[in-house]
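Enquirer: For reference, this is run.cif, and it has mmCIF, C-alpha atoms and all ligand atoms.
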data_entry
loop_
_atom_site.label_atom_id
_atom_site.label_comp_id
_atom_site.auth_asym_id
_atom_site.auth_seq_id
_atom_site.Cartn_x
_atom_site.Cartn_y
_atom_site.Cartn_z
CA MET A 1 43.44 4.52 102.79
CA GLY A 2 44.27 6.04 99.40
CA LEU A 3 47.58 6.23 97.56
CA LEU A 4 47.34 10.03 97.54
CA ASP A 5 45.96 10.78 101.00
CA ASN A 6 47.20 14.17 102.24
CA LYS A 7 48.49 15.16 98.81
CA ARG A 8 47.29 18.27 97.03
CA GLY A 9 48.09 19.56 93.56
CA LEU A 10 47.25 21.63 90.52
CA ILE A 11 45.40 20.25 87.49
CA PHE A 12 45.76 22.02 84.14
CA GLY A 13 43.61 20.90 81.20
CA ILE A 14 39.99 20.12 82.06
CA ALA A 15 37.90 21.40 79.15
CA ASN A 16 34.97 19.01 79.81
CA ASP A 17 34.21 15.55 81.18
CA ARG A 18 35.94 13.86 78.24
CA SER A 19 39.33 15.53 78.82
CA TYR A 20 42.28 13.37 79.84
CA ALA A 21 42.73 15.79 82.77
CA TRP A 22 39.18 14.96 83.93
CA TYR A 23 39.92 11.22 84.05
CA ILE A 24 43.20 11.94 85.81
CA ALA A 25 41.47 14.12 88.44
CA GLN A 26 38.84 11.38 88.92
CA SER A 27 41.54 8.79 89.73
CA LEU A 28 43.51 11.17 91.94
CA ILE A 29 40.41 12.08 93.95
CA ALA A 30 39.50 8.38 94.29
CA GLN A 31 42.96 7.88 95.82
CA GLY A 32 42.45 10.66 98.37
CA ALA A 33 44.10 13.65 96.63
CA GLU A 34 42.85 17.22 96.83
CA CYS A 35 42.76 18.81 93.36
CA LEU A 36 43.14 22.52 92.65
CA PHE A 37 41.72 23.35 89.22
CA THR A 38 42.47 25.85 86.48
CA HIS A 39 40.53 26.68 83.34
CA LEU A 40 41.62 28.40 80.15
CA TYR A 41 40.18 31.88 80.00
CA LEU A 42 39.70 33.42 76.56
CA PRO A 43 38.41 37.00 76.63
CA ASP A 44 35.89 36.56 73.81
CA ASP A 45 34.15 33.28 74.74
CA LYS A 46 31.78 34.87 77.27
CA GLY A 47 32.73 32.50 80.08
CA LYS A 48 31.73 29.37 78.10
CA MET A 49 34.96 27.53 78.93
CA GLU A 50 34.71 28.29 82.62
CA ARG A 51 31.09 27.02 82.71
CA ARG A 52 32.00 23.77 80.93
CA CYS A 53 34.99 23.22 83.20
CA ARG A 54 32.95 23.98 86.33
CA LYS A 55 30.25 21.52 85.25
CA ALA A 56 32.86 18.80 84.63
CA ILE A 57 34.37 19.41 88.09
CA GLU A 58 30.88 19.14 89.64
CA GLU A 59 30.59 15.72 88.02
CA LEU A 60 33.71 14.73 89.93
CA GLY A 61 31.73 15.36 93.10
CA VAL A 62 33.88 18.33 94.15
CA GLU A 63 31.80 20.98 95.88
CA ASP A 64 33.01 24.58 95.92
CA PRO A 65 36.21 23.85 93.94
CA TRP A 66 39.41 25.89 94.00
CA LEU A 67 39.26 27.08 90.37
CA VAL A 68 41.25 29.90 88.77
CA PRO A 69 41.59 31.14 85.18
CA CYS A 70 44.99 30.47 83.61
CA ASP A 71 46.19 30.91 80.07
CA ALA A 72 49.44 28.96 80.39
CA SER A 73 50.97 30.87 77.47
CA LYS A 74 51.00 33.96 79.71
CA ASP A 75 53.65 34.21 82.43
CA GLU A 76 51.46 36.57 84.47
CA ASP A 77 48.62 34.00 84.56
CA LEU A 78 51.00 31.24 85.68
CA ASP A 79 52.50 33.52 88.33
CA ALA A 80 49.03 34.39 89.64
CA THR A 81 47.99 30.70 89.77
CA PHE A 82 51.09 29.45 91.60
CA ASP A 83 51.14 32.53 93.90
CA LYS A 84 47.52 31.92 94.87
CA ALA A 85 48.19 28.23 95.56
CA LYS A 86 51.11 29.28 97.76
CA ALA A 87 49.10 31.94 99.57
CA ASP A 88 46.17 29.56 100.18
CA PHE A 89 48.06 26.35 101.04
CA GLY A 90 51.78 27.10 101.51
CA LYS A 91 52.87 24.10 99.45
CA ILE A 92 51.64 21.56 96.90
CA ASP A 93 52.66 17.98 96.10
CA PHE A 94 51.91 17.56 92.40
CA VAL A 95 51.15 19.25 89.08
CA VAL A 96 49.22 17.70 86.18
CA HIS A 97 50.06 19.26 82.79
CA SER A 98 47.42 18.06 80.32
CA ILE A 99 47.28 20.90 77.80
CA ALA A 100 48.19 21.34 74.17
CA PHE A 101 47.30 23.58 71.27
CA ALA A 102 48.07 23.80 67.57
CA HIS A 103 46.27 25.76 64.91
CA ARG A 104 43.79 23.51 63.04
CA GLU A 105 45.38 24.54 59.72
CA ALA A 106 48.68 23.01 60.88
CA LEU A 107 47.07 19.61 61.53
CA LYS A 108 45.99 18.72 58.01
CA MET A 109 47.21 15.52 56.34
CA GLY A 110 50.20 16.11 54.05
CA GLU A 111 50.65 19.72 55.15
CA PHE A 112 53.50 19.51 57.70
CA HIS A 113 55.96 21.08 55.25
CA ARG A 114 53.69 24.15 55.06
CA THR A 115 53.82 24.81 58.83
CA THR A 116 54.29 28.55 59.36
CA ARG A 117 56.66 30.11 61.87
CA ASP A 118 53.71 31.36 63.91
CA GLN A 119 51.98 27.95 63.97
CA TRP A 120 55.25 26.29 65.04
CA THR A 121 55.99 28.85 67.76
CA GLN A 122 52.48 28.73 69.20
CA ALA A 123 52.27 24.91 69.22
CA LEU A 124 55.63 24.49 70.94
CA ASP A 125 55.00 27.34 73.35
CA VAL A 126 51.60 26.14 74.60
CA SER A 127 52.23 22.39 74.34
CA ALA A 128 55.85 22.07 75.52
CA TYR A 129 57.35 25.24 77.01
CA THR A 130 54.46 25.50 79.48
CA LEU A 131 55.76 22.37 81.23
CA VAL A 132 59.09 24.11 81.86
CA ALA A 133 57.22 27.24 82.99
CA MET A 134 55.16 25.18 85.47
CA ALA A 135 58.18 23.22 86.71
CA GLN A 136 60.20 26.35 87.51
CA ARG A 137 57.28 27.72 89.55
CA SER A 138 56.76 24.37 91.31
CA VAL A 139 60.20 24.27 92.97
CA ASP A 140 59.25 26.94 95.49
CA LEU A 141 55.92 25.23 96.25
CA MET A 142 57.40 21.76 96.75
CA PRO A 143 59.87 22.16 99.63
CA ASP A 144 59.42 18.49 100.60
CA GLY A 145 59.62 17.18 97.03
CA GLY A 146 56.79 16.40 94.67
CA ALA A 147 55.85 15.12 91.23
CA LEU A 148 54.83 16.53 87.85
CA ILE A 149 53.24 14.62 84.98
CA ASN A 150 52.33 15.55 81.44
CA MET A 151 50.44 13.97 78.55
CA SER A 152 52.23 12.96 75.36
CA TYR A 153 51.42 10.87 72.28
CA TYR A 154 53.26 8.38 70.04
CA GLY A 155 53.30 11.03 67.29
CA GLY A 156 56.24 12.56 69.20
CA GLU A 157 58.33 9.43 68.48
CA LYS A 158 57.17 8.33 65.02
CA VAL A 159 55.48 10.02 62.08
CA ILE A 160 51.70 9.93 62.43
CA PRO A 161 50.33 11.64 59.30
CA GLY A 162 48.23 14.66 60.30
CA TYR A 163 49.76 14.99 63.78
CA ASN A 164 52.42 17.24 62.21
CA VAL A 165 53.74 20.09 64.37
CA MET A 166 52.07 18.55 67.44
CA GLY A 167 54.45 15.60 67.03
CA ILE A 168 57.39 18.01 67.19
CA ALA A 169 55.86 19.58 70.31
CA LYS A 170 55.45 16.14 71.95
CA ALA A 171 59.09 15.28 71.20
CA ALA A 172 60.07 18.55 72.92
CA LEU A 173 57.72 17.81 75.81
CA GLU A 174 59.13 14.32 76.39
CA HIS A 175 62.73 15.49 76.23
CA SER A 176 61.98 18.48 78.48
CA THR A 177 60.61 15.89 80.92
CA ARG A 178 64.07 14.26 81.04
CA TYR A 179 65.99 17.54 81.48
CA LEU A 180 63.57 18.70 84.18
CA ALA A 181 63.73 15.32 85.93
CA PHE A 182 67.53 15.56 86.00
CA GLU A 183 67.68 19.08 87.41
CA LEU A 184 64.75 18.86 89.83
CA GLY A 185 65.87 15.45 91.09
CA GLU A 186 68.08 17.39 93.53
CA ASN A 187 64.89 18.75 95.10
CA ASN A 188 63.26 15.30 95.18
CA ILE A 189 60.82 16.46 92.50
CA ARG A 190 60.01 13.79 89.92
CA VAL A 191 58.85 14.53 86.36
CA ASN A 192 57.25 11.91 84.11
CA SER A 193 55.28 11.75 80.90
CA ILE A 194 52.34 9.51 79.96
CA SER A 195 52.06 8.67 76.28
CA GLY A 196 48.36 7.95 75.99
CA GLY A 197 46.44 6.21 73.22
CA PRO A 198 43.89 8.18 71.21
CA LEU A 199 40.83 9.37 73.13
CA ARG A 200 37.85 11.26 71.68
CA THR A 201 38.36 14.73 73.16
CA LEU A 202 38.05 18.30 71.90
CA ALA A 203 41.79 18.50 71.18
CA ALA A 204 41.76 15.14 69.32
CA SER A 205 38.95 16.29 67.02
CA ALA A 206 41.29 18.93 65.55
CA VAL A 207 43.85 16.35 64.36
CA GLY A 208 43.67 15.37 60.68
CA GLY A 209 43.00 11.64 60.13
CA ILE A 210 41.95 10.99 63.75
CA SER A 211 39.33 8.36 62.74
CA GLU A 212 42.03 6.31 60.96
CA MET A 213 44.15 6.53 64.14
CA PHE A 214 41.37 4.93 66.19
CA GLU A 215 40.84 2.12 63.65
CA HIS A 216 44.57 1.45 63.28
CA GLN A 217 44.99 1.42 67.07
CA GLN A 218 42.40 -1.36 67.45
CA ARG A 219 43.93 -3.49 64.67
CA LYS A 220 47.59 -3.11 65.66
CA ALA A 221 47.74 -2.72 69.46
CA ALA A 222 48.96 -5.73 71.45
CA LEU A 223 45.68 -5.75 73.38
CA ARG A 224 43.67 -5.33 70.11
CA ARG A 225 41.75 -2.41 71.53
CA ASN A 226 42.02 1.22 72.45
CA ILE A 227 42.59 2.48 75.99
CA THR A 228 40.15 4.19 78.34
CA GLY A 229 40.49 7.50 80.13
CA GLU A 230 40.37 5.59 83.42
CA GLU A 231 43.50 3.61 82.46
CA VAL A 232 45.45 6.83 81.94
CA GLY A 233 43.97 8.26 85.16
CA ASN A 234 45.15 5.25 87.15
CA THR A 235 48.68 5.49 85.73
CA ALA A 236 48.70 9.16 86.69
CA ALA A 237 47.73 8.20 90.26
CA TYR A 238 50.66 5.76 90.36
CA LEU A 239 53.13 8.34 89.00
CA LEU A 240 52.03 11.00 91.50
CA SER A 241 52.07 8.61 94.46
CA ASP A 242 54.95 7.28 96.54
CA LEU A 243 54.53 3.90 94.81
CA SER A 244 56.61 5.34 91.96
CA SER A 245 59.20 7.04 94.21
CA GLY A 246 62.11 5.67 92.14
CA VAL A 247 60.67 6.60 88.73
CA THR A 248 61.56 9.90 87.04
CA GLY A 249 62.26 11.21 83.54
CA GLU A 250 60.22 8.37 82.01
CA THR A 251 57.65 8.29 79.25
CA ILE A 252 55.20 5.55 80.15
CA HIS A 253 53.03 4.31 77.30
CA VAL A 254 49.40 3.70 78.22
CA ASP A 255 48.43 2.66 74.72
CA ALA A 256 47.33 -1.00 74.99
CA GLY A 257 50.76 -1.94 73.61
CA PHE A 258 50.40 -0.02 70.32
CA SER A 259 53.97 1.31 70.38
CA ILE A 260 55.69 -2.09 70.84
CA VAL A 261 54.37 -3.51 67.57
CA GLY A 262 56.30 -2.82 64.34
CA LEU A 263 53.96 -4.19 61.71
N1 LIG B 301 42.99 12.83 73.06
C1 LIG B 301 44.02 12.12 72.61
O1 LIG B 301 43.88 11.29 71.71
C2 LIG B 301 45.38 12.33 73.22
C3 LIG B 301 46.34 11.31 73.12
C4 LIG B 301 47.59 11.47 73.73
C5 LIG B 301 47.87 12.67 74.37
N2 LIG B 301 46.92 13.66 74.44
C6 LIG B 301 47.26 14.90 75.14
O2 LIG B 301 46.45 15.01 76.29
C7 LIG B 301 46.44 16.39 76.69
C8 LIG B 301 45.00 16.81 76.96
O3 LIG B 301 44.25 16.83 75.75
P1 LIG B 301 42.82 16.16 75.63
O4 LIG B 301 42.90 15.15 74.53
O5 LIG B 301 42.33 15.77 76.95
O6 LIG B 301 41.93 17.34 75.01
P2 LIG B 301 41.09 18.52 75.72
O7 LIG B 301 40.69 19.40 74.59
O8 LIG B 301 40.03 17.97 76.56
O9 LIG B 301 42.19 19.21 76.64
C9 LIG B 301 43.13 20.12 76.14
C10 LIG B 301 43.22 21.21 77.18
O10 LIG B 301 44.26 22.13 76.85
C11 LIG B 301 43.84 23.39 77.33
N3 LIG B 301 44.62 24.48 76.78
C12 LIG B 301 44.88 24.76 75.47
N4 LIG B 301 45.61 25.89 75.38
C13 LIG B 301 45.82 26.32 76.66
C14 LIG B 301 46.49 27.44 77.24
N5 LIG B 301 47.09 28.36 76.49
N6 LIG B 301 46.49 27.56 78.59
C15 LIG B 301 45.87 26.65 79.38
N7 LIG B 301 45.21 25.58 78.90
C16 LIG B 301 45.20 25.42 77.55
C17 LIG B 301 42.37 23.44 76.92
O11 LIG B 301 41.67 24.45 77.63
C18 LIG B 301 41.93 22.04 77.31
O12 LIG B 301 41.46 22.00 78.62
C19 LIG B 301 47.11 17.17 75.57
O13 LIG B 301 48.47 17.37 75.90
C20 LIG B 301 47.01 16.19 74.41
O14 LIG B 301 47.98 16.43 73.41
C21 LIG B 301 45.68 13.51 73.89
#
For this file, produce the structure as structure tokens.

Expert:
Amino acid sequence: MGLLDNKRGLIFGIANDRSYAWYIAQSLIAQGAECLFTHLYLPDDKGKMERRCRKAIEELGVEDPWLVPCDASKDEDLDATFDKAKADFGKIDFVVHSIAFAHREALKMGEFHRTTRDQWTQALDVSAYTLVAMAQRSVDLMPDGGALINMSYYGGEKVIPGYNVMGIAKAALEHSTRYLAFELGENNIRVNSISGGPLRTLAASAVGGISEMFEHQQRKAALRRNITGEEVGNTAAYLLSDLSSGVTGETIHVDAGFSIVGL
């Protein structure tokens, strides 16, 4: 018996088999969940992203996956994704939001004060507003309640040089989590955030000073090490299962205790 038997939900954010969303899907599947997948579609990449995502899903052992293109910055793509899930299944139980984007130029050390209006708007739109956009579409698909999670980082609470506008987006994401948890609580829909330690992914490689973050994490964290994707995946399984039925609006740190240490 798994913690997530008979639960089905949408996963946003698998770029490859190193993505946080991939580790989350792996844990959810191990606990009995059925995952419905989406991939980012960019018109000029000749299907490269879809192929990489499909290969990563194959590695999860899922044959013939439910997989649709979705650029979460486009309302019409989100509508099409949630409408198709409704048409195919009637309802869902969970949504995993594991997406973020900021222009590489905006993630350089010492350059936060040069952030342009466009860089700011795009980072907050893709990395934070999309959670609200997914939550509002989830209400109709979760008549019996459900759960949403998203991925944050400590740079949304404290200054991490180089994380820059993404830190502002994470602060917005974590606080949106609380507002959404309050309003959707009436529908028995829970919303929580996981603040994960640094993991070597495509998105992480764009952040200025990422190597220093890994070294600092190992020196300072209570557990004197970094975390694994599996550890975040297992926390996601807990947050999407009935084991956490009384938990909502929280940001849970899965960072080997990095954020509790001051010096
Ligand atoms: N890697 C880390 O160190 C770390 C630490 C804490 C939190 N996070 C967060 O984890 C989440 C996942 O990132 P990751 O590190 O796994 O990197 P990743 O590059 O594997 O995943 C990022 C995903 O965002 C998707 N994406 C970007 N723009 C999109 C859009 N407009 N529509 C739909 N999807 C879009 C990409 O396609 C990709 O799948 C992000 O929110 C990230 O900020 C990462």

Enquirer: For ligand LIG 301 (chain B), list the contacting residues at 6 Å or closer, counting all atoms listed in the file, as a list in words.

Expert: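 Based on all atoms listed in the file, ligand LIG 301 (chain B) is surrounded within 6 Å by Gly13, Ile14, Ala15, Ser19, Tyr20, Ala21, Leu40, Cys70, Asp71, Ala72, Ser73, Ser98, Ile99, Ala100, Phe101, Val126, Met151, Ser152, Tyr153, Ser195, Gly196, Gly197, Pro198, Leu199, Arg200, Thr201, Leu202, Ala203 and Ala204 of chain A.
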
Enquirer: Find, counting only C-alpha atoms, the residue in A:Gln217, A:Gln136, A:Ser127, A:Thr251 that gets nearest to Leu78 of chain A.

Expert: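 Residue with the minimum atom-to-atom distance to Leu78 of chain A: A:Gln136.
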
Enquirer: With distances taken over all atoms listed in the file, which residue among A:Met134, A:Val95, A:Ala106, A:Val191 lies nearest Ser244 of chain A?

Expert: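 Using all atoms listed in the file, the shortest distance to Ser244 of chain A belongs to A:Val191.
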
Enquirer: Pick from A:Leu60, A:Asp88, A:Tyr23, A:Glu34: nearest to Gly2 of chain A, with all atoms listed in the file counted?

Expert: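 Using all atoms listed in the file, Gly2 of chain A sits closest to A:Glu34.
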
Enquirer: In Å, rounded to a single decimal, give me how far atom CA of Val232 of chain A is from atom CA of Gly246 of chain A.

Expert: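 Atom CA of Val232 of chain A lies at a distance of 19.6 Å from atom CA of Gly246 of chain A.
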